[in-house]
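K.L.:
Next up is a structure, given as structure tokens.
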Amino acid sequence: TKVITLPAVTPGCTIEWQVTIVDKKPIIRDSFYEYFSFSNDIPIKSLRHTLIIPKGMPVQIVHYNTHIKPQVREESGKVIYQWQLENMDKFESEEYMPPTNEFNEYVSISSIKDWKDIAEWYWGLVTKNLKISQATRDEVKKITAGKDSDREKAQAVIEFVQENFRYVSMSFGYNRYEPHPSDEVFANKYGDCKDQVLVAMAMLKEVGIKSYPALYRDEEEGNPEDKLPKPNYFDHVILALQLGDKIHYTDVLRKGYRIGETPLGIQGGYVFVINEKGGAFSQLPISDDTENCSSQEEKIQIRQDGSAMIEAVSEWPKDFSIETREKFKRMTEKEKTEFFEVLDGRYNVSGKVIERKWEGIESDYGSVKSFLKYESSQWADVSGDFLSFGAGHYGRDFDFTKKERKYPIVFWSNSLKKTNNTYT
């Protein structure tokens, strides 16, 4: 990393910069891939992009969302492509818009022939590093004892990895793509997403369950299937496991989900499953709004003096339930007591908590439900013979404040908030 200070820069100045990046050894042997965009979040006075390749080198060049074409010439056994643009406006993005690569003007370059080549390369890394130690075999035998179905065995393996391995990012150098040997990761009990996926694959293989790494890309980034083949579209690896004739996807870094349940954070994402048959693309399922639903039902008994007795039953969204449950499990008894004191303090300002119950806080899966009965001495406003009360209000956000928008609206998750108040 180089940090450059420019103390004389003032509004209106033009900054000219040049950078040289040298790759001495490509991630994939004899391959080259590149990307550059004509759409930027700042205005640009002049842009020149030059690509020089050996004559006869097979390379694919695709222009997306643009009619701009390069000047091409041959010189001393090389082919030179040059794109030149002047006085470019900045790209104005909008809230909740489709993937920007559907609108950005950009050029994609790759010498990789097709996605099958990517799959064969990565499958080679998988087979090279998938190693099963005796310690792995012993642990698999222990945790799957008494499990009858493949689903139960697979769930036991995933839970073991989630409970016993720390996440440590290893995304530098060649290990940005290549996982470490699974026997080493098992012994060390730490690794990044691809390392932990490979450990899970090794353990599942020991009980006869087929599984594969699935390279993951967020839905917001767009589908890479119809793009030129490159490995750098993906920034995460999840596990694809085969139970019967169906493939199930699970993120070994996300606790609290059973096999067949897709975590909210990766729903709709695109995956490229790496296997011995040339790979396969898929999109993760998207659940309806009941999966990410928060509901609260309150029964309010209002008294003449403005005080009230309130009974509130709440069901929390699954992701928030999992997050709270994991924090709760790590708390000491003292921290749990303080947690409830803080929670009760929200209602003790003008009343007192009479009863509190939890359901699902100590479970492994599902949503948390809570029941709270409390008394409020100043719940409604009293003015003469009138009582004034209501369910609150919703604030105006800063989205959708322009007079018109250019792009369609896309919201990247389904969610629902329900409130049901009964006043007596």
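Here, A, B, ... name the chains of the structure tokens in the order displayed, residue numbers run from 1 inside each chain, and ligands are numbered from 1 in the same displayed order.
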Which residues of stretch 252-327 of chain A sit at most 12 Å from stretch 408-412 of chain A, using only C-alpha atoms? Give each one's shortest atom pair and distance in Å (one decimal place), in chain and ascending residue order, as a Markdown table.
P.N.:
| residue | atom | partner | partner_atom | distance |
| --- | --- | --- | --- | --- |
| A:Leu264 | CA | A:Trp412 | CA | 10.1 |
| A:Gly265 | CA | A:Trp412 | CA | 9.7 |
| A:Ile266 | CA | A:Trp412 | CA | 10.3 |
| A:Gln267 | CA | A:Trp412 | CA | 9.0 |
| A:Gly268 | CA | A:Trp412 | CA | 8.3 |
| A:Gly269 | CA | A:Trp412 | CA | 10.2 |
| A:Ile286 | CA | A:Trp412 | CA | 9.8 |
| A:Ser287 | CA | A:Trp412 | CA | 11.6 |
| A:Asp289 | CA | A:Trp412 | CA | 11.8 |
K.L.:
Go through stretch 121-311 of chain A and collect every residue that DSSP, computed from the backbone, puts in helix (DSSP H, G or I); the answer should be as number ranges by chain.
P.N.:
A: 121-129, 134-143, 150-164, 173-176, 182-188, 193-206, 219-221, 231-233, 264-266
K.L.:
Check the smallest atom-to-atom distance from each of A:Glu341, A:Glu315, A:Glu333, A:Glu404 to A:Gly360 using only C-alpha atoms, then report the winner.
P.N.:
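Looking only at the distances to A:Gly360, the closest residue turns out to be A:Glu315.
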K.L.:
Might you pull out every residue within 6 Å of stretch 27-43 of chain A, with only C-alpha atoms counted and same-chain residues fewer than 3 positions away left off, and present them as a list in words?
P.N.:
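Returned residues: Met88, Asp89, Lys90, Phe91, Asn104, Glu105, Tyr106, Val107, Ser108, Ile109, Ser110 and Ser111 of chain A.
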K.L.:
Can you measure atom CA of A:Gln162 to atom CA of A:Gly256 for me? One decimal in Å is fine.
P.N.:
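About the pair atom CA of A:Gln162 and atom CA of A:Gly256: they are 9.6 Å apart.
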K.L.:
Env of A:Val161: 12 Å cut, atoms = only C-alpha atoms, seq-sep filter 5 positions within chain, self excluded. Answer as a PyMOL selection string.
P.N.:
chain A and resi 136+139-140+143+154-156+166-167+185-186+189-193+195-204+239+251-255
K.L.:
For a quick check of understanding, using only C-alpha atoms, which of A:Glu362, A:Phe160, A:Ala145, A:Trp115 has the smallest distance to A:Pro231?
P.N.:
A:Trp115
K.L.:
Tell me, as a list in words, which residues lie within 10 Å of A:Val126, counting only C-alpha atoms; anything in the same chain fewer than 6 positions away does not count.
P.N.:
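Returned residues: Glu120, Glu178, Pro179, His180, Pro181, Ser182, Lys194, Leu198, Met201, Tyr212, Pro213, Ile274 and Asn275 of chain A.
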K.L.:
I'd like to know which of A:Arg303, A:His236, A:Arg73, A:Lys230 is closest to A:Asp218, using only C-alpha atoms.
P.N.:
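The answer is A:His236, which sits nearest to A:Asp218.
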K.L.:
With a distance cut-off of 10 Å and only C-alpha atoms, select the neighbouring residues of A:Glu225, excluding the residue or stretch itself and same-chain residues fewer than 4 positions from it, and output the selection as an MDAnalysis selection string.
P.N.:
chainID A and resid 115 229 270:272 280:282
K.L.:
Limited to N, CA and C atoms, could you put the picked residues into a file as a compact mmCIF listing (two decimals), in the first residue's frame?
P.N.:
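Output (part_36.txt):
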# COMPACT_ATOMS: atom_id res chain seq x y z
N TRP A 115 -16.41 -21.57 -18.75
CA TRP A 115 -16.55 -21.84 -17.33
C TRP A 115 -16.09 -23.24 -16.95
N PRO A 229 -15.75 -15.89 -18.51
CA PRO A 229 -15.30 -16.69 -17.36
C PRO A 229 -14.08 -16.07 -16.67
N TYR A 270 -25.89 -15.90 -6.31
CA TYR A 270 -25.56 -16.81 -7.40
C TYR A 270 -24.38 -17.69 -6.99
N VAL A 271 -24.44 -18.97 -7.32
CA VAL A 271 -23.35 -19.89 -6.99
C VAL A 271 -22.89 -20.63 -8.24
N PHE A 272 -21.60 -20.90 -8.27
CA PHE A 272 -21.01 -21.77 -9.28
C PHE A 272 -20.47 -22.98 -8.54
N ALA A 280 -21.55 -26.14 -12.32
CA ALA A 280 -22.94 -25.82 -12.62
C ALA A 280 -23.34 -24.55 -11.89
N PHE A 281 -24.09 -23.68 -12.57
CA PHE A 281 -24.59 -22.44 -11.97
C PHE A 281 -25.95 -22.67 -11.34
N SER A 282 -26.23 -21.90 -10.31
CA SER A 282 -27.54 -21.95 -9.67
C SER A 282 -27.75 -20.64 -8.92
K.L.:
Leaving out A:Met57 and any residue of its chain fewer than 2 positions from it, which residues lie within 10 Å of it when counting only C-alpha atoms, given as a PDB file with N, CA, C and O atoms, in the first residue's frame?
P.N.:
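Once everything was written out, this is result.pdb:
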ATOM      1  N   ILE A  53      -1.227  -7.244 -26.272  1.00  0.00           N
ATOM      2  CA  ILE A  53      -1.130  -8.698 -26.122  1.00  0.00           C
ATOM      3  C   ILE A  53      -0.285  -9.279 -27.257  1.00  0.00           C
ATOM      4  O   ILE A  53      -0.193  -8.684 -28.342  1.00  0.00           O
ATOM      5  N   PRO A  54       0.344 -10.439 -27.014  1.00  0.00           N
ATOM      6  CA  PRO A  54       1.106 -11.083 -28.101  1.00  0.00           C
ATOM      7  C   PRO A  54       0.180 -11.462 -29.255  1.00  0.00           C
ATOM      8  O   PRO A  54      -0.940 -11.925 -29.035  1.00  0.00           O
ATOM      9  N   LYS A  55       0.634 -11.259 -30.461  1.00  0.00           N
ATOM     10  CA  LYS A  55      -0.151 -11.627 -31.638  1.00  0.00           C
ATOM     11  C   LYS A  55      -0.375 -13.141 -31.637  1.00  0.00           C
ATOM     12  O   LYS A  55       0.553 -13.914 -31.425  1.00  0.00           O
ATOM     13  N   VAL A  59      -7.801 -14.367 -26.948  1.00  0.00           N
ATOM     14  CA  VAL A  59      -8.365 -13.555 -25.880  1.00  0.00           C
ATOM     15  C   VAL A  59      -9.757 -13.081 -26.301  1.00  0.00           C
ATOM     16  O   VAL A  59      -9.996 -12.784 -27.472  1.00  0.00           O
ATOM     17  N   GLN A  60     -10.680 -13.058 -25.352  1.00  0.00           N
ATOM     18  CA  GLN A  60     -12.033 -12.583 -25.623  1.00  0.00           C
ATOM     19  C   GLN A  60     -12.178 -11.175 -25.044  1.00  0.00           C
ATOM     20  O   GLN A  60     -11.796 -10.923 -23.901  1.00  0.00           O
ATOM     21  N   LYS A  78       2.864  -7.731 -31.798  1.00  0.00           N
ATOM     22  CA  LYS A  78       1.887  -7.486 -30.735  1.00  0.00           C
ATOM     23  C   LYS A  78       0.630  -6.846 -31.325  1.00  0.00           C
ATOM     24  O   LYS A  78       0.688  -6.169 -32.357  1.00  0.00           O
ATOM     25  N   VAL A  79      -0.481  -7.062 -30.657  1.00  0.00           N
ATOM     26  CA  VAL A  79      -1.739  -6.406 -31.024  1.00  0.00           C
ATOM     27  C   VAL A  79      -2.057  -5.384 -29.931  1.00  0.00           C
ATOM     28  O   VAL A  79      -2.060  -5.724 -28.737  1.00  0.00           O
ATOM     29  N   SER A 111      -8.728 -14.508 -21.233  1.00  0.00           N
ATOM     30  CA  SER A 111      -8.142 -15.522 -22.111  1.00  0.00           C
ATOM     31  C   SER A 111      -8.647 -16.921 -21.757  1.00  0.00           C
ATOM     32  O   SER A 111      -8.268 -17.896 -22.406  1.00  0.00           O
TER      33      SER A 111
END
K.L.:
From stretch 108-315 of chain A, collect each residue whose DSSP state is strand (DSSP E) and return the set as number ranges by chain.
P.N.:
A: 108-110, 166-167, 190-191, 211-217, 236-243, 246-250, 270-273, 280-283, 293-302, 308-315
